[in-house]
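Pasted below: work16.cif, mmCIF, N, CA and C atoms.
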```
data_target
#
loop_
_atom_site.label_atom_id
_atom_site.label_comp_id
_atom_site.auth_asym_id
_atom_site.auth_seq_id
_atom_site.Cartn_x
_atom_site.Cartn_y
_atom_site.Cartn_z
N ALA S 1 281.32 38.92 240.63
CA ALA S 1 280.98 37.74 241.39
C ALA S 1 279.72 37.08 240.81
N ILE S 2 278.76 37.89 240.40
CA ILE S 2 277.53 37.32 239.84
C ILE S 2 277.85 36.51 238.59
N ASN S 3 278.66 37.07 237.71
CA ASN S 3 279.03 36.35 236.49
C ASN S 3 279.71 35.03 236.79
N ALA S 4 280.54 35.01 237.82
CA ALA S 4 281.26 33.78 238.18
C ALA S 4 280.29 32.68 238.62
N PHE S 5 279.19 33.05 239.27
CA PHE S 5 278.25 32.06 239.78
C PHE S 5 277.09 31.75 238.83
N LEU S 6 276.97 32.45 237.72
CA LEU S 6 275.86 32.19 236.80
C LEU S 6 275.79 30.74 236.31
N PRO S 7 276.92 30.11 235.96
CA PRO S 7 276.82 28.71 235.55
C PRO S 7 276.23 27.80 236.64
N LEU S 8 276.58 28.04 237.89
CA LEU S 8 276.01 27.25 238.98
C LEU S 8 274.54 27.55 239.20
N LEU S 9 274.16 28.83 239.05
CA LEU S 9 272.76 29.21 239.19
C LEU S 9 271.89 28.53 238.14
N ARG S 10 272.43 28.45 236.93
CA ARG S 10 271.66 27.83 235.84
C ARG S 10 271.38 26.36 236.12
N GLN S 11 272.25 25.69 236.87
CA GLN S 11 272.09 24.26 237.18
C GLN S 11 271.29 24.03 238.46
N SER S 12 271.12 25.06 239.25
CA SER S 12 270.48 24.93 240.56
C SER S 12 268.96 24.96 240.45
N HIS S 13 268.31 24.39 241.45
CA HIS S 13 266.85 24.51 241.52
C HIS S 13 266.46 25.81 242.23
N VAL S 14 267.40 26.44 242.93
CA VAL S 14 267.19 27.75 243.56
C VAL S 14 267.90 28.79 242.70
N LYS S 15 267.15 29.54 241.94
CA LYS S 15 267.72 30.50 240.99
C LYS S 15 267.44 31.92 241.46
N LYS S 16 268.15 32.31 242.51
CA LYS S 16 267.93 33.63 243.09
C LYS S 16 269.27 34.27 243.43
N VAL S 17 269.34 35.58 243.18
CA VAL S 17 270.49 36.39 243.59
C VAL S 17 269.94 37.54 244.42
N VAL S 18 270.43 37.65 245.64
CA VAL S 18 269.97 38.69 246.56
C VAL S 18 271.13 39.63 246.84
N ALA S 19 270.90 40.92 246.66
CA ALA S 19 271.91 41.93 246.95
C ALA S 19 271.44 42.76 248.14
N LEU S 20 272.37 43.13 248.99
CA LEU S 20 272.06 43.94 250.16
C LEU S 20 272.18 45.42 249.78
N SER S 21 271.06 46.09 249.73
CA SER S 21 271.02 47.49 249.32
C SER S 21 270.72 48.39 250.52
N SER S 22 270.29 49.60 250.23
CA SER S 22 270.00 50.57 251.28
C SER S 22 269.04 51.62 250.74
N ALA S 23 268.24 52.17 251.62
CA ALA S 23 267.35 53.27 251.21
C ALA S 23 268.16 54.48 250.76
N LEU S 24 269.41 54.56 251.19
CA LEU S 24 270.25 55.69 250.76
C LEU S 24 270.57 55.63 249.27
N GLY S 25 270.33 54.49 248.64
CA GLY S 25 270.52 54.37 247.20
C GLY S 25 269.25 54.60 246.40
N ASP S 26 268.19 54.97 247.07
CA ASP S 26 266.89 55.19 246.43
C ASP S 26 266.66 56.69 246.25
N ILE S 27 266.44 57.11 245.03
CA ILE S 27 266.28 58.53 244.72
C ILE S 27 265.08 59.13 245.44
N GLU S 28 263.95 58.46 245.38
CA GLU S 28 262.73 59.00 246.01
C GLU S 28 262.89 59.11 247.52
N ALA S 29 263.48 58.08 248.14
CA ALA S 29 263.69 58.13 249.59
C ALA S 29 264.60 59.28 249.98
N THR S 30 265.61 59.53 249.16
CA THR S 30 266.53 60.64 249.43
C THR S 30 265.81 61.98 249.33
N LEU S 31 264.99 62.15 248.30
CA LEU S 31 264.27 63.40 248.12
C LEU S 31 263.26 63.64 249.24
N VAL S 32 262.58 62.58 249.66
CA VAL S 32 261.58 62.71 250.71
C VAL S 32 262.24 63.00 252.07
N SER S 33 263.34 62.31 252.35
CA SER S 33 263.99 62.46 253.66
C SER S 33 264.85 63.72 253.75
N GLY S 34 265.34 64.19 252.61
CA GLY S 34 266.22 65.35 252.61
C GLY S 34 267.61 65.04 253.14
N PHE S 35 267.96 63.76 253.22
CA PHE S 35 269.26 63.34 253.75
C PHE S 35 270.32 63.56 252.68
N ALA S 36 271.25 64.48 252.93
CA ALA S 36 272.24 64.86 251.92
C ALA S 36 273.63 64.29 252.19
N LEU S 37 273.81 63.56 253.27
CA LEU S 37 275.13 63.02 253.61
C LEU S 37 275.36 61.66 252.96
N SER S 38 276.53 61.11 253.15
CA SER S 38 276.89 59.76 252.67
C SER S 38 276.81 59.64 251.15
N VAL S 39 277.30 60.63 250.44
CA VAL S 39 277.19 60.64 248.98
C VAL S 39 277.87 59.42 248.34
N PRO S 40 279.13 59.11 248.64
CA PRO S 40 279.76 57.95 247.99
C PRO S 40 279.00 56.64 248.26
N TYR S 41 278.57 56.45 249.50
CA TYR S 41 277.81 55.24 249.84
C TYR S 41 276.50 55.19 249.06
N SER S 42 275.80 56.31 249.01
CA SER S 42 274.53 56.38 248.28
C SER S 42 274.72 56.08 246.80
N LEU S 43 275.78 56.62 246.22
CA LEU S 43 276.06 56.36 244.81
C LEU S 43 276.33 54.88 244.56
N SER S 44 277.09 54.26 245.44
CA SER S 44 277.38 52.83 245.25
C SER S 44 276.13 51.98 245.36
N LYS S 45 275.23 52.34 246.27
CA LYS S 45 273.99 51.57 246.42
C LYS S 45 273.04 51.83 245.25
N ALA S 46 272.99 53.04 244.74
CA ALA S 46 272.17 53.33 243.56
C ALA S 46 272.69 52.53 242.35
N ALA S 47 274.01 52.46 242.22
CA ALA S 47 274.60 51.69 241.12
C ALA S 47 274.29 50.20 241.29
N LEU S 48 274.36 49.71 242.52
CA LEU S 48 274.02 48.31 242.79
C LEU S 48 272.57 48.02 242.39
N ASN S 49 271.66 48.93 242.75
CA ASN S 49 270.25 48.74 242.41
C ASN S 49 270.05 48.66 240.90
N MET S 50 270.75 49.50 240.14
CA MET S 50 270.64 49.46 238.68
C MET S 50 271.25 48.18 238.13
N LEU S 51 272.38 47.76 238.68
CA LEU S 51 273.02 46.52 238.23
C LEU S 51 272.08 45.33 238.42
N ILE S 52 271.44 45.26 239.57
CA ILE S 52 270.52 44.16 239.84
C ILE S 52 269.33 44.21 238.87
N ALA S 53 268.83 45.41 238.59
CA ALA S 53 267.72 45.55 237.64
C ALA S 53 268.14 45.08 236.25
N LYS S 54 269.35 45.43 235.82
CA LYS S 54 269.84 45.01 234.50
C LYS S 54 269.99 43.50 234.43
N TYR S 55 270.55 42.89 235.49
CA TYR S 55 270.65 41.42 235.51
C TYR S 55 269.26 40.78 235.47
N ALA S 56 268.32 41.34 236.20
CA ALA S 56 266.96 40.78 236.23
C ALA S 56 266.35 40.77 234.83
N VAL S 57 266.52 41.86 234.11
CA VAL S 57 265.98 41.93 232.75
C VAL S 57 266.71 40.97 231.81
N GLN S 58 268.02 40.93 231.94
CA GLN S 58 268.84 40.10 231.04
C GLN S 58 268.56 38.60 231.22
N HIS S 59 268.27 38.18 232.44
CA HIS S 59 268.13 36.74 232.72
C HIS S 59 266.69 36.33 233.04
N LYS S 60 265.74 37.17 232.70
CA LYS S 60 264.33 36.86 232.96
C LYS S 60 263.89 35.57 232.28
N SER S 61 264.32 35.36 231.03
CA SER S 61 263.91 34.17 230.29
C SER S 61 264.46 32.89 230.92
N GLU S 62 265.53 32.99 231.69
CA GLU S 62 266.11 31.82 232.36
C GLU S 62 265.46 31.58 233.73
N GLU S 63 264.54 32.46 234.10
CA GLU S 63 263.83 32.39 235.37
C GLU S 63 264.79 32.46 236.57
N ILE S 64 265.86 33.26 236.41
CA ILE S 64 266.75 33.56 237.53
C ILE S 64 266.27 34.88 238.12
N LEU S 65 265.97 34.87 239.41
CA LEU S 65 265.46 36.07 240.07
C LEU S 65 266.62 36.87 240.67
N PHE S 66 266.62 38.14 240.40
CA PHE S 66 267.60 39.07 240.96
C PHE S 66 266.83 40.14 241.71
N PHE S 67 267.18 40.36 242.96
CA PHE S 67 266.52 41.44 243.69
C PHE S 67 267.43 41.98 244.77
N ALA S 68 267.17 43.22 245.13
CA ALA S 68 267.93 43.90 246.17
C ALA S 68 267.00 44.11 247.36
N VAL S 69 267.51 43.86 248.54
CA VAL S 69 266.72 44.06 249.76
C VAL S 69 267.38 45.14 250.61
N THR S 70 266.55 45.85 251.32
CA THR S 70 267.00 46.88 252.24
C THR S 70 266.61 46.45 253.64
N PRO S 71 267.58 46.22 254.51
CA PRO S 71 267.25 45.70 255.84
C PRO S 71 266.56 46.69 256.76
N GLY S 72 266.64 47.99 256.44
CA GLY S 72 266.02 48.98 257.30
C GLY S 72 267.02 49.58 258.27
N LEU S 73 266.51 50.35 259.21
CA LEU S 73 267.36 51.02 260.18
C LEU S 73 267.49 50.20 261.46
N VAL S 74 268.62 50.34 262.08
CA VAL S 74 268.86 49.67 263.36
C VAL S 74 269.15 50.72 264.41
N MET S 75 268.54 50.60 265.56
CA MET S 75 268.77 51.55 266.65
C MET S 75 270.08 51.19 267.33
N THR S 76 271.12 51.95 267.03
CA THR S 76 272.41 51.77 267.67
C THR S 76 272.53 52.73 268.84
N ALA S 77 273.55 52.52 269.66
CA ALA S 77 273.76 53.42 270.80
C ALA S 77 273.98 54.84 270.33
N GLN S 78 274.73 55.00 269.24
CA GLN S 78 274.97 56.35 268.72
C GLN S 78 273.70 56.98 268.19
N ARG S 79 272.91 56.23 267.47
CA ARG S 79 271.65 56.76 266.93
C ARG S 79 270.70 57.15 268.06
N ALA S 80 270.72 56.39 269.15
CA ALA S 80 269.85 56.70 270.27
C ALA S 80 270.23 58.05 270.92
N ARG S 81 271.52 58.40 270.87
CA ARG S 81 271.98 59.67 271.44
C ARG S 81 271.65 60.86 270.55
N GLU S 82 271.40 60.62 269.28
CA GLU S 82 271.17 61.74 268.33
C GLU S 82 269.81 62.35 268.45
#
```

Serialized structure, structure tokens:
Amino acid sequence: AINAFLPLLRQSHVKKVVALSSALGDIEATLVSGFALSVPYSLSKAALNMLIAKYAVQHKSEEILFFAVTPGLVMTAQRARE
């Protein structure tokens, strides 16, 4: 999807790509928290983080910003019961 929109980004005055990531894709956060579940999800988010970093490096000279954001935790009814 990013590749498909690059031509439009190059023409735009807003040159930003934002990806929705998660702390579960962060190696340090995983080691600190000791959270060992959600392996497939964590792997996909770690891969997303690397992909965004690679795009950021590749398109730095074009001043296109690539970054991943982590929205944080949300208190759901299930989480409140845990």

As lines of an AutoDock Vina configuration file, please: the centre and edge lengths in Å, to one decimal, of an axis-aligned box enclosing every listed atom of segment 52-57 of chain S with 4 Å added on each side.
```
center_x = 268.7
center_y = 43.2
center_z = 235.8
size_x = 13.5
size_y = 12.8
size_z = 16.0
```

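Relative to atom CA of Ser22 of chain S, atom CA of Ala68 of chain S is found at 8.7 Å.
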
Next on the checklist: Using all atoms listed in the file, which protein or nucleic acid residues come within 7 Å of Thr70 of chain S? Drop anything in the same chain fewer than 2 positions from it, and give the result as a PyMOL selection string.
Outcome noted: chain S and resi 19-23+68+72-73

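Going from atom C of Asn49 of chain S over to atom C of Thr30 of chain S, you cover 16.3 Å.
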
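Among the residues of chain S, backbone DSSP assigns strand (DSSP E or B) to Lys16, Val17, Val18, Ala19, Leu20, Leu65, Phe66, Phe67, Ala68 and Val69 of chain S.
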
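We find atom C of Asp26 of chain S and atom C of Ala47 of chain S to be spaced 11.2 Å apart.
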
Resolved residues for the PyMOL selection byres (((chain S and resi 7-15 and name CA) around 9) and name CA) as a tab-separated table (two decimals) with N, CA and C atoms, in the frame of the given file:
```tsv
chain	number	residue	atom	x	y	z
S	3	ASN	N	278.66	37.07	237.71
S	3	ASN	CA	279.03	36.35	236.49
S	3	ASN	C	279.71	35.03	236.79
S	4	ALA	N	280.54	35.01	237.82
S	4	ALA	CA	281.26	33.78	238.18
S	4	ALA	C	280.29	32.68	238.62
S	5	PHE	N	279.19	33.05	239.27
S	5	PHE	CA	278.25	32.06	239.78
S	5	PHE	C	277.09	31.75	238.83
S	6	LEU	N	276.97	32.45	237.72
S	6	LEU	CA	275.86	32.19	236.80
S	6	LEU	C	275.79	30.74	236.31
S	16	LYS	N	268.15	32.31	242.51
S	16	LYS	CA	267.93	33.63	243.09
S	16	LYS	C	269.27	34.27	243.43
S	17	VAL	N	269.34	35.58	243.18
S	17	VAL	CA	270.49	36.39	243.59
S	17	VAL	C	269.94	37.54	244.42
S	62	GLU	N	265.53	32.99	231.69
S	62	GLU	CA	266.11	31.82	232.36
S	62	GLU	C	265.46	31.58	233.73
S	63	GLU	N	264.54	32.46	234.10
S	63	GLU	CA	263.83	32.39	235.37
S	63	GLU	C	264.79	32.46	236.57
S	64	ILE	N	265.86	33.26	236.41
S	64	ILE	CA	266.75	33.56	237.53
S	64	ILE	C	266.27	34.88	238.12
S	65	LEU	N	265.97	34.87	239.41
S	65	LEU	CA	265.46	36.07	240.07
S	65	LEU	C	266.62	36.87	240.67
S	66	PHE	N	266.62	38.14	240.40
S	66	PHE	CA	267.60	39.07	240.96
S	66	PHE	C	266.83	40.14	241.71
```

Among chain S, which ones does DSSP place in helix (DSSP H, G or I), written as an mmCIF file with N, CA and C atoms, keeping the file's coordinate frame?
```cif
data_model
loop_
_atom_site.group_PDB
_atom_site.id
_atom_site.type_symbol
_atom_site.label_atom_id
_atom_site.label_comp_id
_atom_site.auth_asym_id
_atom_site.auth_seq_id
_atom_site.Cartn_x
_atom_site.Cartn_y
_atom_site.Cartn_z
ATOM 1 N N ILE S 2 278.760 37.890 240.400
ATOM 2 C CA ILE S 2 277.530 37.320 239.840
ATOM 3 C C ILE S 2 277.850 36.510 238.590
ATOM 4 N N ASN S 3 278.660 37.070 237.710
ATOM 5 C CA ASN S 3 279.030 36.350 236.490
ATOM 6 C C ASN S 3 279.710 35.030 236.790
ATOM 7 N N ALA S 4 280.540 35.010 237.820
ATOM 8 C CA ALA S 4 281.260 33.780 238.180
ATOM 9 C C ALA S 4 280.290 32.680 238.620
ATOM 10 N N PHE S 5 279.190 33.050 239.270
ATOM 11 C CA PHE S 5 278.250 32.060 239.780
ATOM 12 C C PHE S 5 277.090 31.750 238.830
ATOM 13 N N LEU S 6 276.970 32.450 237.720
ATOM 14 C CA LEU S 6 275.860 32.190 236.800
ATOM 15 C C LEU S 6 275.790 30.740 236.310
ATOM 16 N N PRO S 7 276.920 30.110 235.960
ATOM 17 C CA PRO S 7 276.820 28.710 235.550
ATOM 18 C C PRO S 7 276.230 27.800 236.640
ATOM 19 N N LEU S 8 276.580 28.040 237.890
ATOM 20 C CA LEU S 8 276.010 27.250 238.980
ATOM 21 C C LEU S 8 274.540 27.550 239.200
ATOM 22 N N LEU S 9 274.160 28.830 239.050
ATOM 23 C CA LEU S 9 272.760 29.210 239.190
ATOM 24 C C LEU S 9 271.890 28.530 238.140
ATOM 25 N N ARG S 10 272.430 28.450 236.930
ATOM 26 C CA ARG S 10 271.660 27.830 235.840
ATOM 27 C C ARG S 10 271.380 26.360 236.120
ATOM 28 N N GLN S 11 272.250 25.690 236.870
ATOM 29 C CA GLN S 11 272.090 24.260 237.180
ATOM 30 C C GLN S 11 271.290 24.030 238.460
ATOM 31 N N ALA S 23 268.240 52.170 251.620
ATOM 32 C CA ALA S 23 267.350 53.270 251.210
ATOM 33 C C ALA S 23 268.160 54.480 250.760
ATOM 34 N N LEU S 24 269.410 54.560 251.190
ATOM 35 C CA LEU S 24 270.250 55.690 250.760
ATOM 36 C C LEU S 24 270.570 55.630 249.270
ATOM 37 N N GLY S 25 270.330 54.490 248.640
ATOM 38 C CA GLY S 25 270.520 54.370 247.200
ATOM 39 C C GLY S 25 269.250 54.600 246.400
ATOM 40 N N ILE S 27 266.440 57.110 245.030
ATOM 41 C CA ILE S 27 266.280 58.530 244.720
ATOM 42 C C ILE S 27 265.080 59.130 245.440
ATOM 43 N N GLU S 28 263.950 58.460 245.380
ATOM 44 C CA GLU S 28 262.730 59.000 246.010
ATOM 45 C C GLU S 28 262.890 59.110 247.520
ATOM 46 N N ALA S 29 263.480 58.080 248.140
ATOM 47 C CA ALA S 29 263.690 58.130 249.590
ATOM 48 C C ALA S 29 264.600 59.280 249.980
ATOM 49 N N THR S 30 265.610 59.530 249.160
ATOM 50 C CA THR S 30 266.530 60.640 249.430
ATOM 51 C C THR S 30 265.810 61.980 249.330
ATOM 52 N N LEU S 31 264.990 62.150 248.300
ATOM 53 C CA LEU S 31 264.270 63.400 248.120
ATOM 54 C C LEU S 31 263.260 63.640 249.240
ATOM 55 N N VAL S 32 262.580 62.580 249.660
ATOM 56 C CA VAL S 32 261.580 62.710 250.710
ATOM 57 C C VAL S 32 262.240 63.000 252.070
ATOM 58 N N SER S 33 263.340 62.310 252.350
ATOM 59 C CA SER S 33 263.990 62.460 253.660
ATOM 60 C C SER S 33 264.850 63.720 253.750
ATOM 61 N N VAL S 39 277.300 60.630 250.440
ATOM 62 C CA VAL S 39 277.190 60.640 248.980
ATOM 63 C C VAL S 39 277.870 59.420 248.340
ATOM 64 N N PRO S 40 279.130 59.110 248.640
ATOM 65 C CA PRO S 40 279.760 57.950 247.990
ATOM 66 C C PRO S 40 279.000 56.640 248.260
ATOM 67 N N TYR S 41 278.570 56.450 249.500
ATOM 68 C CA TYR S 41 277.810 55.240 249.840
ATOM 69 C C TYR S 41 276.500 55.190 249.060
ATOM 70 N N SER S 42 275.800 56.310 249.010
ATOM 71 C CA SER S 42 274.530 56.380 248.280
ATOM 72 C C SER S 42 274.720 56.080 246.800
ATOM 73 N N LEU S 43 275.780 56.620 246.220
ATOM 74 C CA LEU S 43 276.060 56.360 244.810
ATOM 75 C C LEU S 43 276.330 54.880 244.560
ATOM 76 N N SER S 44 277.090 54.260 245.440
ATOM 77 C CA SER S 44 277.380 52.830 245.250
ATOM 78 C C SER S 44 276.130 51.980 245.360
ATOM 79 N N LYS S 45 275.230 52.340 246.270
ATOM 80 C CA LYS S 45 273.990 51.570 246.420
ATOM 81 C C LYS S 45 273.040 51.830 245.250
ATOM 82 N N ALA S 46 272.990 53.040 244.740
ATOM 83 C CA ALA S 46 272.170 53.330 243.560
ATOM 84 C C ALA S 46 272.690 52.530 242.350
ATOM 85 N N ALA S 47 274.010 52.460 242.220
ATOM 86 C CA ALA S 47 274.600 51.690 241.120
ATOM 87 C C ALA S 47 274.290 50.200 241.290
ATOM 88 N N LEU S 48 274.360 49.710 242.520
ATOM 89 C CA LEU S 48 274.020 48.310 242.790
ATOM 90 C C LEU S 48 272.570 48.020 242.390
ATOM 91 N N ASN S 49 271.660 48.930 242.750
ATOM 92 C CA ASN S 49 270.250 48.740 242.410
ATOM 93 C C ASN S 49 270.050 48.660 240.900
ATOM 94 N N MET S 50 270.750 49.500 240.140
ATOM 95 C CA MET S 50 270.640 49.460 238.680
ATOM 96 C C MET S 50 271.250 48.180 238.130
ATOM 97 N N LEU S 51 272.380 47.760 238.680
ATOM 98 C CA LEU S 51 273.020 46.520 238.230
ATOM 99 C C LEU S 51 272.080 45.330 238.420
ATOM 100 N N ILE S 52 271.440 45.260 239.570
ATOM 101 C CA ILE S 52 270.520 44.160 239.840
ATOM 102 C C ILE S 52 269.330 44.210 238.870
ATOM 103 N N ALA S 53 268.830 45.410 238.590
ATOM 104 C CA ALA S 53 267.720 45.550 237.640
ATOM 105 C C ALA S 53 268.140 45.080 236.250
ATOM 106 N N LYS S 54 269.350 45.430 235.820
ATOM 107 C CA LYS S 54 269.840 45.010 234.500
ATOM 108 C C LYS S 54 269.990 43.500 234.430
ATOM 109 N N TYR S 55 270.550 42.890 235.490
ATOM 110 C CA TYR S 55 270.650 41.420 235.510
ATOM 111 C C TYR S 55 269.260 40.780 235.470
ATOM 112 N N ALA S 56 268.320 41.340 236.200
ATOM 113 C CA ALA S 56 266.960 40.780 236.230
ATOM 114 C C ALA S 56 266.350 40.770 234.830
ATOM 115 N N VAL S 57 266.520 41.860 234.110
ATOM 116 C CA VAL S 57 265.980 41.930 232.750
ATOM 117 C C VAL S 57 266.710 40.970 231.810
ATOM 118 N N GLN S 58 268.020 40.930 231.940
ATOM 119 C CA GLN S 58 268.840 40.100 231.040
ATOM 120 C C GLN S 58 268.560 38.600 231.220
ATOM 121 N N LYS S 60 265.740 37.170 232.700
ATOM 122 C CA LYS S 60 264.330 36.860 232.960
ATOM 123 C C LYS S 60 263.890 35.570 232.280
ATOM 124 N N SER S 61 264.320 35.360 231.030
ATOM 125 C CA SER S 61 263.910 34.170 230.290
ATOM 126 C C SER S 61 264.460 32.890 230.920
ATOM 127 N N GLU S 62 265.530 32.990 231.690
ATOM 128 C CA GLU S 62 266.110 31.820 232.360
ATOM 129 C C GLU S 62 265.460 31.580 233.730
ATOM 130 N N ALA S 77 273.550 52.520 269.660
ATOM 131 C CA ALA S 77 273.760 53.420 270.800
ATOM 132 C C ALA S 77 273.980 54.840 270.330
ATOM 133 N N GLN S 78 274.730 55.000 269.240
ATOM 134 C CA GLN S 78 274.970 56.350 268.720
ATOM 135 C C GLN S 78 273.700 56.980 268.190
ATOM 136 N N ARG S 79 272.910 56.230 267.470
ATOM 137 C CA ARG S 79 271.650 56.760 266.930
ATOM 138 C C ARG S 79 270.700 57.150 268.060
ATOM 139 N N ALA S 80 270.720 56.390 269.150
ATOM 140 C CA ALA S 80 269.850 56.700 270.270
ATOM 141 C C ALA S 80 270.230 58.050 270.920
ATOM 142 N N ARG S 81 271.520 58.400 270.870
ATOM 143 C CA ARG S 81 271.980 59.670 271.440
ATOM 144 C C ARG S 81 271.650 60.860 270.550
#
```

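Counting all atoms listed in the file and comparing S:Val57, S:Val39, S:Val74, S:Ala46, the residue that lies closest to Gly25 of chain S is S:Ala46.
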